[in-house]
Every structure is written in C-alpha cells, then in structure tokens.
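Trainee: There's a structure below that I have some questions on.
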Amino acid sequence: MNAVVIVAGGSGRRMERDIPKQYLDLQGKPLIIHTLEKFLQFDPGMKVVLVMASGHRKFWDVISISYDQGSGMMVAAGGETRYDSVKNGLQYIDDGLIVGIHDAVRPFVSHETIARCYAAAGKTGSGIPVMEMDESVRMIQSSSQSVHMDRLKLRRVQTPQVFKSEMIKDAYRQPFDPAFTDDASVFESQYENITLVEGNPENIKITTPTDLQLASVLIGTKE
C-alpha cells in the first residue's frame with residue numbers, strides 16, 4: 001500500500017499574502033488541492049496525511065468541505081521545524097508501506113515522477129527525484145573567494161522523497177541535526193545510500209509571487 005505525507009506547515013511570508021501559500025487560489029482551485037489530486041490520481045487508494053500548523057486548520061476546514069480530495073484524510077500538527085512536522089506526520093504511517101513526503105506547494109509533480117519514486121523505494125528503500133543543473137555554479141569559500149564546481153556532478157533535489165515506511169520512521173528517531181536539509185539527508189545519515197530518479201522540470205516549489213505567476217502559466221499549458 002502507498003501513503004504520502006503532505007507537508008503544508010509553511011507560513012508563506014515570502015508570498016506577501018494574508019493567506020498561507022498552500023491555500024491560495026490557482027486557476028479557481030486551492031493550490032493544495034492541485035497537489036492532492038496528483039497523488040490521488042496516481043493511486044486512488046493512497047493513504048494521505050496532511051501536516052499543518054494549528055493556526056491554519058481554519059483554512060483547511062473550509063476547503064475540505066468543498067472538494068472530494070479533502071475527505072478521509074488524517075491531519076497531523078505541524079512542528080517548529082520541517083523536521084518536526086515530518087516526524088509528526090510519520091506517526092500516522094504504519095510499517096510495511098511505501099511512503100512519500102511531499103511539499104504541499106509543489107502541484108506540478110508529474111505522475112511519471114511519482115511512479116519512478118515509488119517504484120525505486122519499493123526496490124531499494126528510497127526514491128528521490130532530481131534534476132540536472134542547467135546553469136554554472138560556484139561554491140563560496142570566503143567573502144572574497146569562490147570556486148567553480150562541475151555542474152555535471154550536481155543535482156537539484158525535488159519531492160516527493162519516497163521511502164519504505166519502517167526505514168524512514170527509524171531514521172526520524174535520530175536527534176535533529178542542522179545537516180538535515182531534507183528527508184533524503186535524514187535517511188542517508190542512517191542508511192548511507194539513497195536512490196536518485198529523474199524528476200520533472202515543472203515540479204517547482206511555489207514560494208514567491210513570481211512562482212505563483214509562473215504556476216498560472218504552467219497550469220494553462222496543462223489544460
């Protein structure tokens with residue numbers, strides 16, 4: 001059985017709106033509903049856990065009444081950090097499942113990317129979607145020095161990051177470490193190896209007004 005933890009705890013300060021970004025309208029539908037649709041279309045029987053800040057529950061309660069995707073889902077309390085929020089969400093996930101962890105503000109993940117992630121996790125324990133770098137990159141060494149890095153050896157990481165549930169739950173029993181920048185880094189610290197799969201370029205994280213404008217264009221091309 002498949003499951004997914006949708007992390008919807010962000011406040012969205014960079015969006016400069018009174019409403020948290022995951023509940024903003026995108027072409028007549030809340031952004032979070034677009035995201036949920038992708039997973040439920042991929043697997044209608046998927047178990048869904050939403051993680052949100054307690055102060056945001058009022059937004060979700062209104063939305064969930066109006067959309068079928070909002071029914072029958074577990075809602076977990078968000079924590080002080082993303083690490084805490086994911087850990088809270090995983091408490092509702094049983095062992096023996098394949099579970100994805102996905103940002104609520106990534107509504108353009110493709111079914112193909114989801115399928116690759118879940119298939120890889122079922123075989124190896126993890127499936128992490130990545131994209132090749134398409135720009136030159138430099139690493140800052142000091143206030144006045146930087147060094148060129150080979151972009152062919154670098155990847156941009158997306159979500160969903162998918163795992164065998166008992167393994168990622170075990171990894172999240174570790175004390176928090178500032179090096180844990182995503183779920184893959186938490187998993188990697190416990191199990192060393194992660195499996196990378198191809199993501200999709202449209203799978204952007206919507207965090208700024210410019211991102212929202214781009215999302216409006218992208219959704220128009222999908223219709």
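How things are named: the first chain in the structure tokens is A, the next is B, and so on; residues count from 1 in each chain; ligands count from 1 in the order shown.
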Write out as number ranges by chain the residues lying within 12 Å of A:Tyr191, counting only C-alpha atoms and excluding same-chain residues fewer than 3 positions away.
Mentor: A: 124-126, 163-164, 167-168, 170-172, 184-188, 194-195
Trainee: Can you write just those residues out, N, CA and C atoms, as a PDB file, in the first residue's frame?
Mentor:
ATOM      1  N   THR A 124      14.616  -0.439  -3.424  1.00  0.00           N
ATOM      2  CA  THR A 124      15.880  -0.132  -2.728  1.00  0.00           C
ATOM      3  C   THR A 124      15.695   0.513  -1.366  1.00  0.00           C
ATOM      4  N   GLY A 125      14.488   0.954  -1.060  1.00  0.00           N
ATOM      5  CA  GLY A 125      14.239   1.636   0.212  1.00  0.00           C
ATOM      6  C   GLY A 125      14.049   3.123   0.080  1.00  0.00           C
ATOM      7  N   SER A 126      14.505   3.713  -1.054  1.00  0.00           N
ATOM      8  CA  SER A 126      14.348   5.151  -1.248  1.00  0.00           C
ATOM      9  C   SER A 126      14.237   5.483  -2.729  1.00  0.00           C
ATOM     10  N   PHE A 163      10.108   6.492   0.530  1.00  0.00           N
ATOM     11  CA  PHE A 163      10.889   5.530   1.306  1.00  0.00           C
ATOM     12  C   PHE A 163      10.017   4.364   1.746  1.00  0.00           C
ATOM     13  N   LYS A 164      10.670   3.267   2.102  1.00  0.00           N
ATOM     14  CA  LYS A 164       9.980   2.236   2.871  1.00  0.00           C
ATOM     15  C   LYS A 164       9.684   2.835   4.251  1.00  0.00           C
ATOM     16  N   MET A 167      11.788   2.255   7.411  1.00  0.00           N
ATOM     17  CA  MET A 167      13.142   2.790   7.349  1.00  0.00           C
ATOM     18  C   MET A 167      13.161   4.293   7.620  1.00  0.00           C
ATOM     19  N   ILE A 168      12.253   5.044   6.988  1.00  0.00           N
ATOM     20  CA  ILE A 168      12.267   6.497   7.192  1.00  0.00           C
ATOM     21  C   ILE A 168      11.775   6.842   8.599  1.00  0.00           C
ATOM     22  N   ASP A 170      12.365   5.032  11.226  1.00  0.00           N
ATOM     23  CA  ASP A 170      13.534   4.756  12.054  1.00  0.00           C
ATOM     24  C   ASP A 170      14.544   5.893  11.944  1.00  0.00           C
ATOM     25  N   ALA A 171      14.753   6.396  10.729  1.00  0.00           N
ATOM     26  CA  ALA A 171      15.704   7.492  10.536  1.00  0.00           C
ATOM     27  C   ALA A 171      15.267   8.743  11.287  1.00  0.00           C
ATOM     28  N   TYR A 172      13.968   8.984  11.348  1.00  0.00           N
ATOM     29  CA  TYR A 172      13.458  10.177  12.030  1.00  0.00           C
ATOM     30  C   TYR A 172      13.433  10.022  13.559  1.00  0.00           C
ATOM     31  N   ALA A 184      15.809  13.115   2.479  1.00  0.00           N
ATOM     32  CA  ALA A 184      16.881  12.262   1.972  1.00  0.00           C
ATOM     33  C   ALA A 184      18.116  12.339   2.863  1.00  0.00           C
ATOM     34  N   SER A 185      18.425  13.530   3.365  1.00  0.00           N
ATOM     35  CA  SER A 185      19.601  13.669   4.224  1.00  0.00           C
ATOM     36  C   SER A 185      19.382  12.986   5.567  1.00  0.00           C
ATOM     37  N   VAL A 186      18.147  12.971   6.050  1.00  0.00           N
ATOM     38  CA  VAL A 186      17.841  12.241   7.281  1.00  0.00           C
ATOM     39  C   VAL A 186      18.025  10.745   7.048  1.00  0.00           C
ATOM     40  N   PHE A 187      17.456  10.248   5.955  1.00  0.00           N
ATOM     41  CA  PHE A 187      17.556   8.829   5.603  1.00  0.00           C
ATOM     42  C   PHE A 187      19.009   8.420   5.386  1.00  0.00           C
ATOM     43  N   GLU A 188      19.734   9.256   4.663  1.00  0.00           N
ATOM     44  CA  GLU A 188      21.116   8.960   4.311  1.00  0.00           C
ATOM     45  C   GLU A 188      22.009   8.837   5.545  1.00  0.00           C
ATOM     46  N   ILE A 194      21.192   6.485  -0.977  1.00  0.00           N
ATOM     47  CA  ILE A 194      19.862   6.834  -1.463  1.00  0.00           C
ATOM     48  C   ILE A 194      19.823   6.605  -2.968  1.00  0.00           C
ATOM     49  N   THR A 195      18.628   6.365  -3.484  1.00  0.00           N
ATOM     50  CA  THR A 195      18.452   6.104  -4.908  1.00  0.00           C
ATOM     51  C   THR A 195      17.872   7.346  -5.578  1.00  0.00           C
TER      52      THR A 195
END
Trainee: I need the residues of chain A that end up classed as strand (DSSP E) by DSSP on the backbone, written out as a PyMOL selection string.
Mentor: chain A and resi 2-7+25-26+29-30+47-52+74-77+98-103+126-132+137-140+146-149+155-157+161-164+196-198
Trainee: DSSP on the backbone, helix (DSSP H, G or I) only: what residues of stretch 69-141 of chain A does that give? Format it as a list in words.
Mentor: Gln69, Gly70, Arg82, Tyr83, Asp84, Ser85, Val86, Lys87, Asn88, Gly89, Leu90, His111, Glu112, Thr113, Ile114, Ala115, Arg116, Cys117, Tyr118, Ala119, Ala120, Ala121, Gly122, Lys123 and Thr124 of chain A
Trainee: In Å, how far is it from atom CA of A:Ser216 to atom CA of A:Phe59?
Mentor: 21.3 Å
Trainee: Which residues are close to stretch 33-40 of chain A, i.e. within 7 Å by only C-alpha atoms, leaving aside same-chain residues fewer than 5 positions away? Reply as a PDB file with all heavy atoms, in the first residue's frame.
Mentor:
ATOM      1  N   MET A  46      -4.472   5.641  -2.027  1.00  0.00           N
ATOM      2  CA  MET A  46      -3.328   6.096  -1.245  1.00  0.00           C
ATOM      3  C   MET A  46      -3.764   6.706   0.084  1.00  0.00           C
ATOM      4  O   MET A  46      -4.705   7.488   0.143  1.00  0.00           O
ATOM      5  CB  MET A  46      -2.519   7.124  -2.051  1.00  0.00           C
ATOM      6  CG  MET A  46      -1.298   7.658  -1.321  1.00  0.00           C
ATOM      7  SD  MET A  46      -0.231   8.678  -2.372  1.00  0.00           S
ATOM      8  CE  MET A  46       0.493   7.451  -3.458  1.00  0.00           C
ATOM      9  N   GLN A  69     -11.321  15.676  -2.560  1.00  0.00           N
ATOM     10  CA  GLN A  69      -9.964  15.304  -2.164  1.00  0.00           C
ATOM     11  C   GLN A  69      -9.715  15.573  -0.682  1.00  0.00           C
ATOM     12  O   GLN A  69      -8.759  15.050  -0.111  1.00  0.00           O
ATOM     13  CB  GLN A  69      -8.921  16.064  -2.998  1.00  0.00           C
ATOM     14  CG  GLN A  69      -8.915  15.718  -4.465  1.00  0.00           C
ATOM     15  CD  GLN A  69      -9.977  16.491  -5.245  1.00  0.00           C
ATOM     16  OE1 GLN A  69     -10.766  17.248  -4.672  1.00  0.00           O
ATOM     17  NE2 GLN A  69      -9.991  16.316  -6.547  1.00  0.00           N
ATOM     18  N   ALA A 104       3.449  20.593  -0.027  1.00  0.00           N
ATOM     19  CA  ALA A 104       2.109  20.944  -0.498  1.00  0.00           C
ATOM     20  C   ALA A 104       2.142  21.958  -1.628  1.00  0.00           C
ATOM     21  O   ALA A 104       1.197  22.052  -2.418  1.00  0.00           O
ATOM     22  CB  ALA A 104       1.278  21.496   0.658  1.00  0.00           C
ATOM     23  N   ARG A 106       4.082  22.048  -4.238  1.00  0.00           N
ATOM     24  CA  ARG A 106       4.628  21.509  -5.499  1.00  0.00           C
ATOM     25  C   ARG A 106       3.497  20.806  -6.245  1.00  0.00           C
ATOM     26  O   ARG A 106       3.423  19.571  -6.260  1.00  0.00           O
ATOM     27  CB  ARG A 106       5.770  20.532  -5.230  1.00  0.00           C
ATOM     28  CG  ARG A 106       7.072  21.166  -4.759  1.00  0.00           C
ATOM     29  CD  ARG A 106       8.170  20.114  -4.675  1.00  0.00           C
ATOM     30  NE  ARG A 106       9.401  20.610  -4.106  1.00  0.00           N
ATOM     31  CZ  ARG A 106      10.431  21.081  -4.817  1.00  0.00           C
ATOM     32  NH1 ARG A 106      10.343  21.124  -6.133  1.00  0.00           N
ATOM     33  NH2 ARG A 106      11.525  21.497  -4.212  1.00  0.00           N
ATOM     34  N   PRO A 107       2.591  21.561  -6.871  1.00  0.00           N
ATOM     35  CA  PRO A 107       1.429  20.945  -7.503  1.00  0.00           C
ATOM     36  C   PRO A 107       1.691  20.379  -8.898  1.00  0.00           C
ATOM     37  O   PRO A 107       0.797  19.762  -9.482  1.00  0.00           O
ATOM     38  CB  PRO A 107       0.439  22.112  -7.597  1.00  0.00           C
ATOM     39  CG  PRO A 107       1.321  23.315  -7.780  1.00  0.00           C
ATOM     40  CD  PRO A 107       2.540  23.039  -6.926  1.00  0.00           C
ATOM     41  N   HIS A 111       2.837  12.439 -12.827  1.00  0.00           N
ATOM     42  CA  HIS A 111       2.551  11.062 -12.439  1.00  0.00           C
ATOM     43  C   HIS A 111       3.751  10.168 -12.714  1.00  0.00           C
ATOM     44  O   HIS A 111       4.007   9.207 -11.972  1.00  0.00           O
ATOM     45  CB  HIS A 111       1.328  10.550 -13.208  1.00  0.00           C
ATOM     46  CG  HIS A 111       0.055  11.226 -12.809  1.00  0.00           C
ATOM     47  ND1 HIS A 111      -1.062  11.252 -13.604  1.00  0.00           N
ATOM     48  CD2 HIS A 111      -0.287  11.910 -11.680  1.00  0.00           C
ATOM     49  CE1 HIS A 111      -2.033  11.916 -13.007  1.00  0.00           C
ATOM     50  NE2 HIS A 111      -1.583  12.332 -11.834  1.00  0.00           N
TER      51      HIS A 111
END
Trainee: A:Ile65, A:Ala8, A:Ala179, A:Val130: which is nearest A:Val109, counting only C-alpha atoms?
Mentor: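 Of all the options, A:Val130 lies closest to A:Val109.
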Trainee: What does the structure give for the distance between atom CA of A:Val157 and atom CA of A:Ile128, in Å to one decimal?
Mentor: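 Atom CA of A:Ile128 lies 7.4 Å from atom CA of A:Val157.
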Trainee: Residues within 12 Å of A:Met131, please, as number ranges by chain. Count only C-alpha atoms; anything in the same chain fewer than 5 positions from it doesn't count.
Mentor: A: 113, 151-159, 196-204
Trainee: Could you save those same residues with all heavy atoms as a short mmCIF file (atom, residue, chain, number, x, y, z; two decimals), in the first residue's frame?
Mentor:
data_model
loop_
_atom_site.label_atom_id
_atom_site.label_comp_id
_atom_site.auth_asym_id
_atom_site.auth_seq_id
_atom_site.Cartn_x
_atom_site.Cartn_y
_atom_site.Cartn_z
N THR A 113 6.94 11.04 -12.52
CA THR A 113 7.91 11.23 -11.43
C THR A 113 7.47 10.48 -10.18
O THR A 113 8.28 9.81 -9.52
CB THR A 113 8.08 12.72 -11.11
OG1 THR A 113 8.69 13.38 -12.23
CG2 THR A 113 8.95 12.94 -9.88
N ARG A 151 29.07 21.21 -12.71
CA ARG A 151 27.62 21.05 -12.58
C ARG A 151 27.15 19.66 -13.00
O ARG A 151 26.06 19.23 -12.62
CB ARG A 151 26.90 22.11 -13.40
CG ARG A 151 27.00 21.96 -14.91
CD ARG A 151 26.32 23.11 -15.60
NE ARG A 151 26.34 22.97 -17.04
CZ ARG A 151 25.95 23.91 -17.89
NH1 ARG A 151 25.51 25.08 -17.41
NH2 ARG A 151 25.98 23.72 -19.18
N LEU A 152 27.94 18.93 -13.79
CA LEU A 152 27.56 17.58 -14.19
C LEU A 152 27.53 16.63 -13.00
O LEU A 152 26.91 15.56 -13.07
CB LEU A 152 28.53 17.06 -15.26
CG LEU A 152 28.55 17.82 -16.58
CD1 LEU A 152 29.56 17.21 -17.53
CD2 LEU A 152 27.16 17.85 -17.21
N LYS A 153 28.19 17.01 -11.91
CA LYS A 153 28.21 16.18 -10.72
C LYS A 153 27.20 16.64 -9.67
O LYS A 153 27.16 16.08 -8.57
CB LYS A 153 29.61 16.18 -10.10
CG LYS A 153 30.67 15.56 -11.01
CD LYS A 153 32.03 15.58 -10.34
CE LYS A 153 33.09 14.96 -11.24
NZ LYS A 153 34.44 14.99 -10.62
N LEU A 154 26.39 17.65 -10.00
CA LEU A 154 25.42 18.20 -9.06
C LEU A 154 23.99 17.96 -9.56
O LEU A 154 23.75 17.88 -10.76
CB LEU A 154 25.65 19.70 -8.88
CG LEU A 154 27.02 20.11 -8.33
CD1 LEU A 154 27.15 21.62 -8.35
CD2 LEU A 154 27.23 19.56 -6.93
N ARG A 155 23.06 17.88 -8.63
CA ARG A 155 21.66 17.71 -8.96
C ARG A 155 20.79 18.59 -8.06
O ARG A 155 21.11 18.80 -6.89
CB ARG A 155 21.23 16.24 -8.78
CG ARG A 155 21.93 15.25 -9.71
CD ARG A 155 21.53 15.47 -11.15
NE ARG A 155 22.11 14.46 -12.04
CZ ARG A 155 23.29 14.60 -12.64
NH1 ARG A 155 24.03 15.68 -12.42
NH2 ARG A 155 23.75 13.66 -13.44
N ARG A 156 19.71 19.10 -8.61
CA ARG A 156 18.69 19.81 -7.83
C ARG A 156 17.68 18.78 -7.33
O ARG A 156 17.18 17.96 -8.10
CB ARG A 156 18.00 20.86 -8.68
CG ARG A 156 18.89 22.04 -9.05
CD ARG A 156 18.12 23.13 -9.77
NE ARG A 156 17.73 22.73 -11.12
CZ ARG A 156 16.48 22.54 -11.53
NH1 ARG A 156 15.48 22.70 -10.68
NH2 ARG A 156 16.22 22.20 -12.76
N VAL A 157 17.37 18.85 -6.05
CA VAL A 157 16.53 17.84 -5.43
C VAL A 157 15.09 18.33 -5.31
O VAL A 157 14.84 19.49 -4.96
CB VAL A 157 17.08 17.46 -4.04
CG1 VAL A 157 16.24 16.35 -3.41
CG2 VAL A 157 18.54 17.02 -4.15
N GLN A 158 14.14 17.45 -5.61
CA GLN A 158 12.72 17.77 -5.54
C GLN A 158 12.03 16.87 -4.52
O GLN A 158 12.67 16.13 -3.77
CB GLN A 158 12.08 17.57 -6.93
CG GLN A 158 12.71 18.38 -8.06
CD GLN A 158 12.08 18.10 -9.40
OE1 GLN A 158 11.55 17.01 -9.66
NE2 GLN A 158 12.14 19.09 -10.29
N THR A 159 10.72 16.96 -4.47
CA THR A 159 9.89 15.99 -3.76
C THR A 159 8.83 15.51 -4.76
O THR A 159 8.60 16.17 -5.77
CB THR A 159 9.21 16.61 -2.52
OG1 THR A 159 8.23 17.56 -2.92
CG2 THR A 159 10.21 17.28 -1.61
N LEU A 196 18.57 7.86 -6.57
CA LEU A 196 18.10 9.02 -7.31
C LEU A 196 17.34 8.58 -8.55
O LEU A 196 17.75 7.64 -9.24
CB LEU A 196 19.29 9.91 -7.72
CG LEU A 196 20.20 10.40 -6.60
CD1 LEU A 196 21.28 11.31 -7.18
CD2 LEU A 196 19.41 11.13 -5.52
N VAL A 197 16.25 9.29 -8.85
CA VAL A 197 15.49 9.04 -10.07
C VAL A 197 15.24 10.39 -10.74
O VAL A 197 15.43 11.46 -10.15
CB VAL A 197 14.14 8.34 -9.78
CG1 VAL A 197 14.36 7.02 -9.06
CG2 VAL A 197 13.21 9.23 -8.96
N GLU A 198 14.82 10.33 -11.98
CA GLU A 198 14.58 11.55 -12.75
C GLU A 198 13.31 12.26 -12.26
O GLU A 198 12.25 11.63 -12.13
CB GLU A 198 14.45 11.23 -14.22
CG GLU A 198 14.25 12.45 -15.11
CD GLU A 198 14.07 12.09 -16.57
OE1 GLU A 198 14.12 10.88 -16.90
OE2 GLU A 198 13.89 13.02 -17.39
N GLY A 199 13.41 13.55 -11.99
CA GLY A 199 12.24 14.35 -11.66
C GLY A 199 11.64 14.95 -12.92
O GLY A 199 11.89 14.49 -14.03
N ASN A 200 10.83 15.99 -12.76
CA ASN A 200 10.32 16.70 -13.94
C ASN A 200 10.50 18.20 -13.74
O ASN A 200 10.32 18.72 -12.63
CB ASN A 200 8.86 16.35 -14.23
CG ASN A 200 7.88 16.73 -13.13
OD1 ASN A 200 7.85 16.09 -12.07
ND2 ASN A 200 7.08 17.76 -13.36
N PRO A 201 10.89 18.92 -14.79
CA PRO A 201 11.27 20.33 -14.64
C PRO A 201 10.15 21.24 -14.14
O PRO A 201 10.41 22.27 -13.54
CB PRO A 201 11.73 20.73 -16.05
CG PRO A 201 11.15 19.71 -16.96
CD PRO A 201 11.07 18.44 -16.17
N GLU A 202 8.89 20.86 -14.39
CA GLU A 202 7.77 21.70 -13.95
C GLU A 202 7.52 21.59 -12.45
O GLU A 202 6.73 22.37 -11.89
CB GLU A 202 6.48 21.30 -14.69
CG GLU A 202 6.57 21.34 -16.18
CD GLU A 202 7.13 20.05 -16.79
OE1 GLU A 202 7.38 19.09 -16.02
OE2 GLU A 202 7.33 20.01 -18.00
N ASN A 203 8.15 20.65 -11.80
CA ASN A 203 7.91 20.37 -10.38
C ASN A 203 8.55 21.42 -9.48
O ASN A 203 9.41 21.12 -8.65
CB ASN A 203 8.43 18.96 -10.06
CG ASN A 203 8.07 18.50 -8.65
OD1 ASN A 203 7.20 19.07 -7.99
ND2 ASN A 203 8.76 17.46 -8.20
N ILE A 204 8.12 22.65 -9.65
CA ILE A 204 8.69 23.77 -8.90
C ILE A 204 8.02 23.90 -7.53
O ILE A 204 6.88 23.47 -7.34
CB ILE A 204 8.56 25.10 -9.67
CG1 ILE A 204 7.08 25.44 -9.88
CG2 ILE A 204 9.30 25.04 -10.99
CD1 ILE A 204 6.85 26.84 -10.45
#
Trainee: How many Å lie between atom CA of A:Val99 and atom CA of A:Ser165, rounded to one decimal?
Mentor: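 These atoms are spaced 5.6 Å apart.
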Trainee: With only C-alpha atoms as the atoms that count, which of A:Ser136, A:Thr81, A:Thr207, A:Ser54 lies nearest to A:Leu31?
Mentor: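 Nearest to A:Leu31: A:Thr207.
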